[in-house]
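K.L.:
Provided below: structure_29.cif, containing mmCIF, C-alpha atoms and all ligand atoms.
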data_query
loop_
_atom_site.group_PDB
_atom_site.id
_atom_site.type_symbol
_atom_site.label_atom_id
_atom_site.label_comp_id
_atom_site.auth_asym_id
_atom_site.auth_seq_id
_atom_site.Cartn_x
_atom_site.Cartn_y
_atom_site.Cartn_z
ATOM 1 C CA MET J 1 -187.403 39.738 -4.268
ATOM 2 C CA SER J 2 -187.991 42.038 -1.276
ATOM 3 C CA ALA J 3 -185.647 45.010 -0.779
ATOM 4 C CA SER J 4 -184.154 43.448 2.363
ATOM 5 C CA ASP J 5 -183.180 40.294 0.431
ATOM 6 C CA VAL J 6 -181.033 42.321 -1.959
ATOM 7 C CA LEU J 7 -177.402 42.661 -0.930
ATOM 8 C CA LEU J 8 -176.007 44.278 -4.067
ATOM 9 C CA SER J 9 -177.925 46.393 -6.512
ATOM 10 C CA CYS J 10 -176.197 47.862 -9.597
ATOM 11 C CA GLU J 11 -177.877 50.341 -11.912
ATOM 12 C CA GLY J 12 -176.438 51.402 -15.247
ATOM 13 C CA VAL J 13 -172.860 50.585 -14.252
ATOM 14 C CA THR J 14 -170.605 51.733 -17.063
ATOM 15 C CA ARG J 15 -166.836 51.819 -17.530
ATOM 16 C CA ARG J 16 -165.150 53.382 -20.517
ATOM 17 C CA PHE J 17 -161.476 53.182 -21.439
ATOM 18 C CA GLY J 18 -161.129 56.045 -23.944
ATOM 19 C CA GLY J 19 -163.460 55.070 -26.791
ATOM 20 C CA LEU J 20 -163.906 51.482 -25.592
ATOM 21 C CA VAL J 21 -167.032 50.773 -23.534
ATOM 22 C CA ALA J 22 -165.897 47.795 -21.473
ATOM 23 C CA LEU J 23 -169.036 47.785 -19.325
ATOM 24 C CA ASP J 24 -172.215 49.215 -20.772
ATOM 25 C CA HIS J 25 -175.081 50.206 -18.429
ATOM 26 C CA LEU J 26 -175.096 47.005 -16.437
ATOM 27 C CA ASP J 27 -178.066 46.419 -14.125
ATOM 28 C CA LEU J 28 -177.595 43.560 -11.685
ATOM 29 C CA GLU J 29 -178.962 42.406 -8.331
ATOM 30 C CA VAL J 30 -177.518 39.832 -5.974
ATOM 31 C CA LYS J 31 -179.583 38.380 -3.168
ATOM 32 C CA ARG J 32 -178.198 37.603 0.278
ATOM 33 C CA GLY J 33 -176.852 34.050 0.300
ATOM 34 C CA ASP J 34 -177.030 33.618 -3.487
ATOM 35 C CA ILE J 35 -174.291 32.358 -5.801
ATOM 36 C CA LEU J 36 -174.399 34.317 -9.052
ATOM 37 C CA GLY J 37 -172.480 32.957 -12.055
ATOM 38 C CA PHE J 38 -171.038 35.660 -14.305
ATOM 39 C CA LEU J 39 -170.471 34.408 -17.846
ATOM 40 C CA GLY J 40 -169.350 35.841 -21.159
ATOM 41 C CA PRO J 41 -166.734 35.548 -23.892
ATOM 42 C CA ASN J 42 -163.177 36.789 -23.330
ATOM 43 C CA GLY J 43 -163.080 40.572 -23.183
ATOM 44 C CA SER J 44 -166.813 40.947 -22.459
ATOM 45 C CA GLY J 45 -166.215 43.030 -19.305
ATOM 46 C CA LYS J 46 -166.514 40.536 -16.433
ATOM 47 C CA THR J 47 -163.243 41.383 -14.676
ATOM 48 C CA THR J 48 -163.826 45.074 -15.389
ATOM 49 C CA PHE J 49 -167.066 44.775 -13.413
ATOM 50 C CA PHE J 50 -165.150 43.332 -10.436
ATOM 51 C CA ASN J 51 -162.559 46.091 -10.723
ATOM 52 C CA VAL J 52 -165.203 48.826 -10.833
ATOM 53 C CA LEU J 53 -167.178 47.332 -7.960
ATOM 54 C CA THR J 54 -164.102 46.996 -5.752
ATOM 55 C CA GLY J 55 -162.912 50.559 -6.299
ATOM 56 C CA ILE J 56 -159.895 49.704 -8.474
ATOM 57 C CA TYR J 57 -161.465 51.574 -11.418
ATOM 58 C CA ASP J 58 -163.857 54.520 -11.124
ATOM 59 C CA PHE J 59 -167.411 54.214 -12.362
ATOM 60 C CA SER J 60 -167.761 56.137 -15.654
ATOM 61 C CA ASP J 61 -171.516 56.110 -15.056
ATOM 62 C CA GLY J 62 -174.150 54.387 -12.939
ATOM 63 C CA GLN J 63 -174.110 53.362 -9.306
ATOM 64 C CA ALA J 64 -173.991 50.405 -6.949
ATOM 65 C CA HIS J 65 -175.662 50.007 -3.566
ATOM 66 C CA PHE J 66 -174.239 47.409 -1.235
ATOM 67 C CA ALA J 67 -176.047 46.502 2.016
ATOM 68 C CA GLY J 68 -177.968 49.752 1.662
ATOM 69 C CA GLU J 69 -174.878 51.928 1.141
ATOM 70 C CA ASN J 70 -173.955 53.702 -2.083
ATOM 71 C CA ILE J 71 -170.423 52.438 -2.791
ATOM 72 C CA SER J 72 -169.988 54.025 -6.233
ATOM 73 C CA LYS J 73 -167.396 56.507 -5.025
ATOM 74 C CA HIS J 74 -165.716 54.293 -2.449
ATOM 75 C CA SER J 75 -161.982 53.620 -2.521
ATOM 76 C CA ALA J 76 -160.811 49.984 -2.676
ATOM 77 C CA GLN J 77 -160.156 50.179 1.093
ATOM 78 C CA ALA J 78 -163.666 51.429 1.808
ATOM 79 C CA VAL J 79 -165.240 48.713 -0.352
ATOM 80 C CA TYR J 80 -163.263 46.078 1.554
ATOM 81 C CA ARG J 81 -164.353 47.599 4.870
ATOM 82 C CA ALA J 82 -167.974 47.599 3.702
ATOM 83 C CA GLY J 83 -167.738 43.813 3.261
ATOM 84 C CA ILE J 84 -166.700 42.887 -0.295
ATOM 85 C CA ALA J 85 -163.663 40.616 -0.698
ATOM 86 C CA ARG J 86 -162.239 39.108 -3.857
ATOM 87 C CA THR J 87 -159.764 36.799 -5.482
ATOM 88 C CA PHE J 88 -157.892 37.517 -8.715
ATOM 89 C CA GLN J 89 -157.690 35.714 -12.034
ATOM 90 C CA ARG J 90 -153.912 35.461 -11.733
ATOM 91 C CA SER J 91 -152.742 34.245 -8.367
ATOM 92 C CA ARG J 92 -151.526 37.158 -6.241
ATOM 93 C CA MET J 93 -149.775 35.682 -3.262
ATOM 94 C CA CYS J 94 -146.572 36.601 -1.467
ATOM 95 C CA LEU J 95 -144.820 33.338 -2.302
ATOM 96 C CA SER J 96 -141.980 33.704 0.190
ATOM 97 C CA LEU J 97 -144.346 34.435 3.086
ATOM 98 C CA SER J 98 -146.040 31.731 5.125
ATOM 99 C CA LEU J 99 -149.575 30.496 4.620
ATOM 100 C CA PHE J 100 -150.587 32.267 7.854
ATOM 101 C CA ASP J 101 -148.980 35.585 6.835
ATOM 102 C CA ASN J 102 -150.680 35.478 3.447
ATOM 103 C CA ILE J 103 -154.060 34.984 5.076
ATOM 104 C CA MET J 104 -153.437 37.789 7.556
ATOM 105 C CA VAL J 105 -152.923 40.203 4.652
ATOM 106 C CA GLY J 106 -156.667 39.812 4.099
ATOM 107 C CA ASN J 107 -157.576 40.505 7.716
ATOM 108 C CA HIS J 108 -156.110 43.942 8.338
ATOM 109 C CA LYS J 109 -159.471 45.489 9.133
ATOM 110 C CA HIS J 110 -159.640 43.317 12.261
ATOM 111 C CA LEU J 111 -156.022 43.757 13.349
ATOM 112 C CA ASN J 112 -154.926 46.231 15.969
ATOM 113 C CA LEU J 113 -152.128 47.953 14.103
ATOM 114 C CA GLY J 114 -151.500 50.794 16.573
ATOM 115 C CA LEU J 115 -147.824 51.361 17.326
ATOM 116 C CA GLY J 116 -148.488 51.679 21.078
ATOM 117 C CA PHE J 117 -150.394 48.378 21.166
ATOM 118 C CA ASN J 118 -147.668 46.560 19.265
ATOM 119 C CA LEU J 119 -144.738 48.038 21.192
ATOM 120 C CA PHE J 120 -145.963 48.391 24.746
ATOM 121 C CA ARG J 121 -148.772 45.871 25.239
ATOM 122 C CA ARG J 122 -146.807 42.781 24.363
ATOM 123 C CA GLY J 123 -149.010 40.361 26.332
ATOM 124 C CA ALA J 124 -152.209 41.584 24.695
ATOM 125 C CA PHE J 125 -150.458 41.584 21.295
ATOM 126 C CA ALA J 126 -149.382 37.935 21.741
ATOM 127 C CA ARG J 127 -152.910 36.884 22.811
ATOM 128 C CA ASP J 128 -154.435 38.718 19.850
ATOM 129 C CA LEU J 129 -152.005 37.020 17.476
ATOM 130 C CA GLU J 130 -152.766 33.606 18.963
ATOM 131 C CA GLN J 131 -156.485 34.193 18.499
ATOM 132 C CA ARG J 132 -155.992 35.289 14.864
ATOM 133 C CA TYR J 133 -153.842 32.244 14.233
ATOM 134 C CA GLU J 134 -156.529 29.878 15.549
ATOM 135 C CA GLN J 135 -159.192 31.654 13.527
ATOM 136 C CA ALA J 136 -157.103 31.364 10.331
ATOM 137 C CA ARG J 137 -156.334 27.726 11.038
ATOM 138 C CA ASP J 138 -160.012 26.863 11.549
ATOM 139 C CA LEU J 139 -160.845 28.497 8.240
ATOM 140 C CA VAL J 140 -158.056 26.667 6.392
ATOM 141 C CA ARG J 141 -159.039 23.376 8.041
ATOM 142 C CA ALA J 142 -162.537 23.697 6.603
ATOM 143 C CA PHE J 143 -160.881 23.579 3.146
ATOM 144 C CA SER J 144 -158.180 21.033 3.829
ATOM 145 C CA PRO J 145 -157.127 19.462 7.165
ATOM 146 C CA ASN J 146 -153.707 18.823 5.660
ATOM 147 C CA LEU J 147 -153.153 22.547 4.988
ATOM 148 C CA ALA J 148 -154.061 23.457 8.563
ATOM 149 C CA ASP J 149 -150.925 21.606 9.733
ATOM 150 C CA ARG J 150 -148.708 23.670 7.414
ATOM 151 C CA MET J 151 -149.567 27.215 8.505
ATOM 152 C CA SER J 152 -145.950 28.343 8.804
ATOM 153 C CA GLU J 153 -144.761 26.995 5.430
ATOM 154 C CA ALA J 154 -144.014 29.383 2.560
ATOM 155 C CA VAL J 155 -146.868 29.514 0.054
ATOM 156 C CA GLY J 156 -144.441 29.110 -2.874
ATOM 157 C CA GLY J 157 -144.118 25.407 -1.982
ATOM 158 C CA PHE J 158 -147.827 24.628 -2.393
ATOM 159 C CA PRO J 159 -149.484 23.319 -5.581
ATOM 160 C CA MET J 160 -151.981 25.457 -7.527
ATOM 161 C CA LEU J 161 -155.094 23.930 -5.949
ATOM 162 C CA ASP J 162 -153.851 24.731 -2.445
ATOM 163 C CA ARG J 163 -152.813 28.253 -3.476
ATOM 164 C CA ARG J 164 -156.344 28.862 -4.748
ATOM 165 C CA ARG J 165 -157.733 27.587 -1.473
ATOM 166 C CA ILE J 166 -155.405 29.897 0.455
ATOM 167 C CA GLU J 167 -156.457 32.867 -1.685
ATOM 168 C CA ILE J 168 -160.103 32.139 -0.956
ATOM 169 C CA CYS J 169 -159.295 31.859 2.762
ATOM 170 C CA ARG J 170 -157.462 35.204 2.553
ATOM 171 C CA ALA J 171 -160.658 36.740 1.182
ATOM 172 C CA LEU J 172 -162.933 34.976 3.695
ATOM 173 C CA ILE J 173 -160.905 35.844 6.801
ATOM 174 C CA SER J 174 -162.281 39.408 6.716
ATOM 175 C CA GLN J 175 -165.795 37.896 7.071
ATOM 176 C CA PRO J 176 -167.179 39.568 3.954
ATOM 177 C CA LYS J 177 -170.839 39.682 3.010
ATOM 178 C CA LEU J 178 -169.964 39.293 -0.676
ATOM 179 C CA LEU J 179 -167.137 37.226 -2.156
ATOM 180 C CA LEU J 180 -166.020 37.837 -5.748
ATOM 181 C CA LEU J 181 -164.207 34.895 -7.356
ATOM 182 C CA ASP J 182 -162.463 35.639 -10.651
ATOM 183 C CA GLU J 183 -161.985 32.353 -12.544
ATOM 184 C CA PRO J 184 -160.904 30.289 -9.546
ATOM 185 C CA SER J 185 -160.364 27.224 -11.732
ATOM 186 C CA ALA J 186 -157.919 28.957 -14.144
ATOM 187 C CA GLY J 187 -154.883 26.745 -14.735
ATOM 188 C CA MET J 188 -156.316 23.751 -12.881
ATOM 189 C CA THR J 189 -157.183 20.250 -14.081
ATOM 190 C CA HIS J 190 -160.761 19.014 -14.246
ATOM 191 C CA GLU J 191 -160.281 16.987 -11.063
ATOM 192 C CA GLU J 192 -158.762 19.950 -9.162
ATOM 193 C CA THR J 193 -161.596 22.181 -10.355
ATOM 194 C CA HIS J 194 -164.111 19.649 -9.106
ATOM 195 C CA GLN J 195 -162.438 19.600 -5.669
ATOM 196 C CA LEU J 196 -162.273 23.383 -5.408
ATOM 197 C CA MET J 197 -165.942 23.732 -6.287
ATOM 198 C CA GLY J 198 -166.762 21.183 -3.572
ATOM 199 C CA ASP J 199 -164.826 23.452 -1.172
ATOM 200 C CA ILE J 200 -166.815 26.490 -2.271
ATOM 201 C CA LEU J 201 -170.073 24.635 -1.727
ATOM 202 C CA SER J 202 -168.977 23.646 1.761
ATOM 203 C CA VAL J 203 -168.085 27.298 2.509
ATOM 204 C CA ARG J 204 -171.611 28.126 1.510
ATOM 205 C CA GLU J 205 -172.983 25.454 3.810
ATOM 206 C CA HIS J 206 -171.046 26.921 6.755
ATOM 207 C CA THR J 207 -171.879 30.544 5.918
ATOM 208 C CA PRO J 208 -175.308 30.466 4.260
ATOM 209 C CA GLU J 209 -175.648 34.259 4.450
ATOM 210 C CA LEU J 210 -172.516 34.819 2.293
ATOM 211 C CA SER J 211 -173.240 35.888 -1.303
ATOM 212 C CA ILE J 212 -170.825 34.955 -4.087
ATOM 213 C CA ILE J 213 -170.316 36.197 -7.643
ATOM 214 C CA ILE J 214 -168.173 33.785 -9.605
ATOM 215 C CA ILE J 215 -166.632 34.342 -13.038
ATOM 216 C CA GLU J 216 -165.953 30.963 -14.588
ATOM 217 C CA HIS J 217 -165.663 29.534 -18.096
ATOM 218 C CA GLU J 218 -166.109 25.937 -16.980
ATOM 219 C CA MET J 219 -169.819 25.333 -17.602
ATOM 220 C CA SER J 220 -170.046 22.237 -15.382
ATOM 221 C CA VAL J 221 -168.976 24.462 -12.489
ATOM 222 C CA MET J 222 -171.686 26.979 -13.250
ATOM 223 C CA GLU J 223 -174.273 24.250 -13.460
ATOM 224 C CA ARG J 224 -173.185 22.743 -10.153
ATOM 225 C CA ILE J 225 -172.813 25.757 -7.909
ATOM 226 C CA THR J 226 -174.864 28.726 -9.134
ATOM 227 C CA ASP J 227 -178.390 29.759 -8.155
ATOM 228 C CA HIS J 228 -178.564 32.309 -10.898
ATOM 229 C CA CYS J 229 -176.445 33.399 -13.898
ATOM 230 C CA ALA J 230 -175.891 36.613 -15.874
ATOM 231 C CA VAL J 231 -174.219 36.708 -19.286
ATOM 232 C CA LEU J 232 -172.250 39.632 -20.716
ATOM 233 C CA ASN J 233 -171.317 40.289 -24.329
ATOM 234 C CA PHE J 234 -169.399 43.419 -25.389
ATOM 235 C CA GLY J 235 -170.017 44.871 -21.917
ATOM 236 C CA LYS J 236 -173.812 44.467 -22.069
ATOM 237 C CA LYS J 237 -175.922 41.976 -20.163
ATOM 238 C CA ILE J 238 -177.575 39.782 -22.791
ATOM 239 C CA CYS J 239 -179.325 37.297 -20.542
ATOM 240 C CA GLU J 240 -180.053 36.465 -16.911
ATOM 241 C CA GLY J 241 -181.786 33.536 -15.214
ATOM 242 C CA THR J 242 -181.089 30.041 -13.969
ATOM 243 C CA TYR J 243 -178.216 28.071 -15.511
ATOM 244 C CA GLN J 244 -180.740 26.202 -17.692
ATOM 245 C CA ASP J 245 -182.368 29.468 -18.794
ATOM 246 C CA VAL J 246 -179.072 30.949 -19.947
ATOM 247 C CA VAL J 247 -177.679 27.880 -21.714
ATOM 248 C CA ASN J 248 -180.926 27.550 -23.639
ATOM 249 C CA ASN J 249 -181.022 31.219 -24.615
ATOM 250 C CA PRO J 250 -180.343 31.577 -28.384
ATOM 251 C CA GLN J 251 -178.269 34.780 -27.966
ATOM 252 C CA VAL J 252 -176.046 33.112 -25.363
ATOM 253 C CA ARG J 253 -175.694 29.972 -27.465
ATOM 254 C CA GLU J 254 -174.481 32.054 -30.375
ATOM 255 C CA ALA J 255 -172.313 34.618 -28.549
ATOM 256 C CA TYR J 256 -170.752 32.457 -25.884
ATOM 257 C CA LEU J 257 -171.242 28.776 -26.564
ATOM 258 C CA GLY J 258 -170.670 29.069 -30.340
ATOM 259 C CA ILE J 259 -173.815 27.045 -31.118
ATOM 260 C CA GLU J 260 -176.277 28.377 -33.700
HETATM 261 N N1 LIG Q 301 -157.127 49.055 -17.847
HETATM 262 C C1 LIG Q 301 -157.639 48.886 -19.062
HETATM 263 N N2 LIG Q 301 -157.331 49.768 -20.058
HETATM 264 C C2 LIG Q 301 -157.859 49.619 -21.307
HETATM 265 N N3 LIG Q 301 -158.710 48.628 -21.660
HETATM 266 C C3 LIG Q 301 -159.044 47.734 -20.694
HETATM 267 C C4 LIG Q 301 -158.528 47.798 -19.375
HETATM 268 N N4 LIG Q 301 -159.048 46.773 -18.649
HETATM 269 C C5 LIG Q 301 -159.840 46.083 -19.502
HETATM 270 N N5 LIG Q 301 -159.836 46.657 -20.721
HETATM 271 C C6 LIG Q 301 -160.579 46.202 -21.898
HETATM 272 O O1 LIG Q 301 -161.951 46.071 -21.501
HETATM 273 C C7 LIG Q 301 -162.532 44.952 -22.174
HETATM 274 C C8 LIG Q 301 -163.105 44.010 -21.124
HETATM 275 O O2 LIG Q 301 -162.006 43.354 -20.478
HETATM 276 P P1 LIG Q 301 -162.227 42.377 -19.237
HETATM 277 O O3 LIG Q 301 -160.874 41.982 -18.743
HETATM 278 O O4 LIG Q 301 -163.150 42.981 -18.270
HETATM 279 O O5 LIG Q 301 -162.939 41.125 -19.931
HETATM 280 P P2 LIG Q 301 -163.303 39.705 -19.331
HETATM 281 O O6 LIG Q 301 -164.719 39.442 -19.711
HETATM 282 O O7 LIG Q 301 -162.961 39.653 -17.893
HETATM 283 O O8 LIG Q 301 -162.357 38.747 -20.171
HETATM 284 P P3 LIG Q 301 -161.598 37.371 -19.763
HETATM 285 O O9 LIG Q 301 -162.666 36.310 -19.716
HETATM 286 O O10 LIG Q 301 -160.633 37.181 -20.882
HETATM 287 O O11 LIG Q 301 -160.941 37.605 -18.452
HETATM 288 C C9 LIG Q 301 -161.454 44.325 -23.031
HETATM 289 O O12 LIG Q 301 -161.582 44.830 -24.355
HETATM 290 C C10 LIG Q 301 -160.166 44.820 -22.387
HETATM 291 O O13 LIG Q 301 -159.117 44.907 -23.309
#
Represent the structure of the file as structure tokens.
P.N.:
Amino acid sequence: MSASDVLLSCEGVTRRFGGLVALDHLDLEVKRGDILGFLGPNGSGKTTFFNVLTGIYDFSDGQAHFAGENISKHSAQAVYRAGIARTFQRSRMCLSLSLFDNIMVGNHKHLNLGLGFNLFRRGAFARDLEQRYEQARDLVRAFSPNLADRMSEAVGGFPMLDRRRIEICRALISQPKLLLLDEPSAGMTHEETHQLMGDILSVREHTPELSIIIIEHEMSVMERITDHCAVLNFGKKICEGTYQDVVNNPQVREAYLGIE
């Protein structure tokens, strides 16, 4: 892999909580345009990695370079501005706000939030809003044409599959270079999971330069959408390779798949 192909490069990333080492000297690289599957048993440190990378938790040790920039000491805001967006394991939406408003929460780096602009340049403000609305609607339409006609409805009235789609749109609206998906299929049926993964693959088709790291327990999802997988156990990376490489690895079969 040439240096210019690498979007994210992590070296020795470690996070301790008191005496517990949740993430233990993790080395990881993600190429531009790649989908990396992040696997491991419950409590192996996958979400902790997302939280460290996105500035929610400090690094206890190690560093991460993203698009050539050392982001190890960045705040969550700075990481977002650098081009990393994420979704959460548990849905975090403002249920009483509209679909459009929820998506705009993810786009604040592109919004003109100056008081003067908002108060005194009403025409420009209205045009800007209209443009943002169209942009959000185009993004939502790519997931579901039906949703694009319901931009002003409160998110609380949508089923789980649509809420997941909206959360992914909220992350994508900022035009990130790297999207982190934390168990997007949690709480969904097999059929819904299948549909959502189809959506993710079509996002990839439309934005081939976008890289994705996905945490997911559903192995059929990993097989279908990943280019490359990494497996954690007790905070350490125990295996990395293609989906077939990792499912055939004896350590992974024992630690994660429960097969001896
Ligand atoms: N804020 C925290 N304070 C203390 N311990 C934490 C904290 N966050 C995570 N941990 C611990 O770190 C370890 C890794 O947790 P983490 O949530 O990253 O695992 P995971 O692989 O994402 O698990 P799951 O698949 O269940 O989501 C666990 O032992 C967890 O209890």
K.L.:
Taking 4 positions as the minimum chain separation for residues in the same chain, which residues sit within 10 Å of Glu216 (chain J) when counting all atoms listed in the file? Answer as a list in words.
P.N.:
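Selected residues are Gly37, Phe38, Leu39, Gly40, Lys46, Gln89, Leu181, Asp182, Glu183, Pro184, Ser185, Ala186, Ser220, Val221 and Met222 of chain J.
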K.L.:
How close does each residue of chain J get to ligand LIG 301 (chain Q), giving the shortest atom pair and distance in Å to one decimal for every residue with an atom at most 9 Å away, counting only C-alpha atoms and all ligand atoms, sorted by chain and residue number, as a Markdown table?
P.N.:
| residue | atom | partner | partner_atom | distance |
| --- | --- | --- | --- | --- |
| J:Arg15 | CA | Q:LIG301 | O1 | 8.5 |
| J:Arg16 | CA | Q:LIG301 | O1 | 8.0 |
| J:Phe17 | CA | Q:LIG301 | C2 | 5.1 |
| J:Gly18 | CA | Q:LIG301 | C2 | 7.7 |
| J:Leu20 | CA | Q:LIG301 | O1 | 7.1 |
| J:Val21 | CA | Q:LIG301 | O1 | 7.2 |
| J:Ala22 | CA | Q:LIG301 | O1 | 4.3 |
| J:Leu23 | CA | Q:LIG301 | C8 | 7.3 |
| J:Leu39 | CA | Q:LIG301 | O6 | 7.9 |
| J:Gly40 | CA | Q:LIG301 | O6 | 6.0 |
| J:Pro41 | CA | Q:LIG301 | O9 | 5.9 |
| J:Asn42 | CA | Q:LIG301 | O10 | 3.6 |
| J:Gly43 | CA | Q:LIG301 | O5 | 3.3 |
| J:Ser44 | CA | Q:LIG301 | O6 | 3.8 |
| J:Gly45 | CA | Q:LIG301 | O4 | 3.2 |
| J:Lys46 | CA | Q:LIG301 | O6 | 3.9 |
| J:Thr47 | CA | Q:LIG301 | O7 | 3.7 |
| J:Thr48 | CA | Q:LIG301 | O4 | 3.6 |
| J:Phe49 | CA | Q:LIG301 | O4 | 6.5 |
| J:Phe50 | CA | Q:LIG301 | O4 | 8.1 |
| J:Asn51 | CA | Q:LIG301 | O4 | 8.2 |
| J:Tyr57 | CA | Q:LIG301 | N1 | 8.2 |
| J:Gln89 | CA | Q:LIG301 | O11 | 7.4 |
| J:Asp182 | CA | Q:LIG301 | O11 | 8.2 |
| J:Glu183 | CA | Q:LIG301 | O11 | 8.0 |
| J:Ile215 | CA | Q:LIG301 | O9 | 8.0 |
| J:Glu216 | CA | Q:LIG301 | O9 | 8.1 |
| J:His217 | CA | Q:LIG301 | O9 | 7.6 |
| J:Leu232 | CA | Q:LIG301 | O6 | 7.6 |
| J:Asn233 | CA | Q:LIG301 | O6 | 8.1 |
| J:Phe234 | CA | Q:LIG301 | C8 | 7.6 |
| J:Gly235 | CA | Q:LIG301 | C8 | 7.0 |
K.L.:
Please provide the set of residues having any atom within 6 Å of region 93-106 of chain J, restricted to all atoms listed in the file, with same-chain residues fewer than 5 positions apart removed, written as a list in words.
P.N.:
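Using all atoms listed in the file, the neighbours found are Met151, Ser152, Glu153, Ala154, Val155, Gly156, Arg170 and Ala171 of chain J.
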K.L.:
Can you write out the residues you just picked, keeping C-alpha atoms, as a PDB file, keeping the file's coordinate frame?
P.N.:
ATOM      1  CA  MET J 151    -149.567  27.215   8.505  1.00  0.00           C
ATOM      2  CA  SER J 152    -145.950  28.343   8.804  1.00  0.00           C
ATOM      3  CA  GLU J 153    -144.761  26.995   5.430  1.00  0.00           C
ATOM      4  CA  ALA J 154    -144.014  29.383   2.560  1.00  0.00           C
ATOM      5  CA  VAL J 155    -146.868  29.514   0.054  1.00  0.00           C
ATOM      6  CA  GLY J 156    -144.441  29.110  -2.874  1.00  0.00           C
ATOM      7  CA  ARG J 170    -157.462  35.204   2.553  1.00  0.00           C
ATOM      8  CA  ALA J 171    -160.658  36.740   1.182  1.00  0.00           C
TER       9      ALA J 171
END
K.L.:
Considering only C-alpha atoms, can you say which of J:Leu139, J:Leu129, J:Ile213, J:Leu180 comes closest to Thr54 (chain J)?
P.N.:
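Of J:Leu139, J:Leu129, J:Ile213, J:Leu180, the one nearest Thr54 (chain J) is J:Leu180, counting only C-alpha atoms.
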K.L.:
Could you pull the residues within 8 Å of Lys177 (chain J), counting all atoms listed in the file, minus those fewer than 2 positions along the same chain, as a ChimeraX atom specification?
P.N.:
/J:83-84,175,179,209-211
K.L.:
If I take CA of Arg164 (chain J) and CA of Thr87 (chain J), how far is one from the other in Å, to one decimal?
P.N.:
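These two atoms are separated by 8.7 Å.
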K.L.:
Find the residues near Lys31 (chain J): any atom within 10 Å, counting only C-alpha atoms, skip ones fewer than 4 places away on the same chain, and give them as a list in words.
P.N.:
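Non-adjacent residues within range: Met1, Ser2, Ala3, Ser4, Asp5, Val6, Leu7, Leu8, Ser9, Ile35, Leu36, Leu178, Glu209, Leu210, Ser211, Ile212 and His228 of chain J.
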K.L.:
Rounded to one decimal, what separation in Å do you get between CA of Leu115 (chain J) and CA of Gln77 (chain J)?
P.N.:
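So the answer is 20.4 Å.
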K.L.:
Check what the PyMOL selection byres (((chain J and resi 239-252) around 9) and not hetatm) selects in the file above and give those residues as a PyMOL selection string.
P.N.:
chain J and resi 37+40+222-223+226-233+237-238+253-260
K.L.:
Distance CA of His25 (chain J)-CA of Val13 (chain J), one decimal place?
P.N.:
4.7 Å
K.L.:
Find the residue from J:Gly55, J:Ser60, J:Arg132, J:Ile225 that sits nearest to Gly198 (chain J); use all atoms listed in the file when measuring.
P.N.:
J:Ile225
K.L.:
Quick one: residues within 10 Å of Asp149 (chain J), all atoms listed in the file, excluding same-chain residues fewer than 6 positions away - as a PyMOL selection string?
P.N.:
chain J and resi 137+140-141
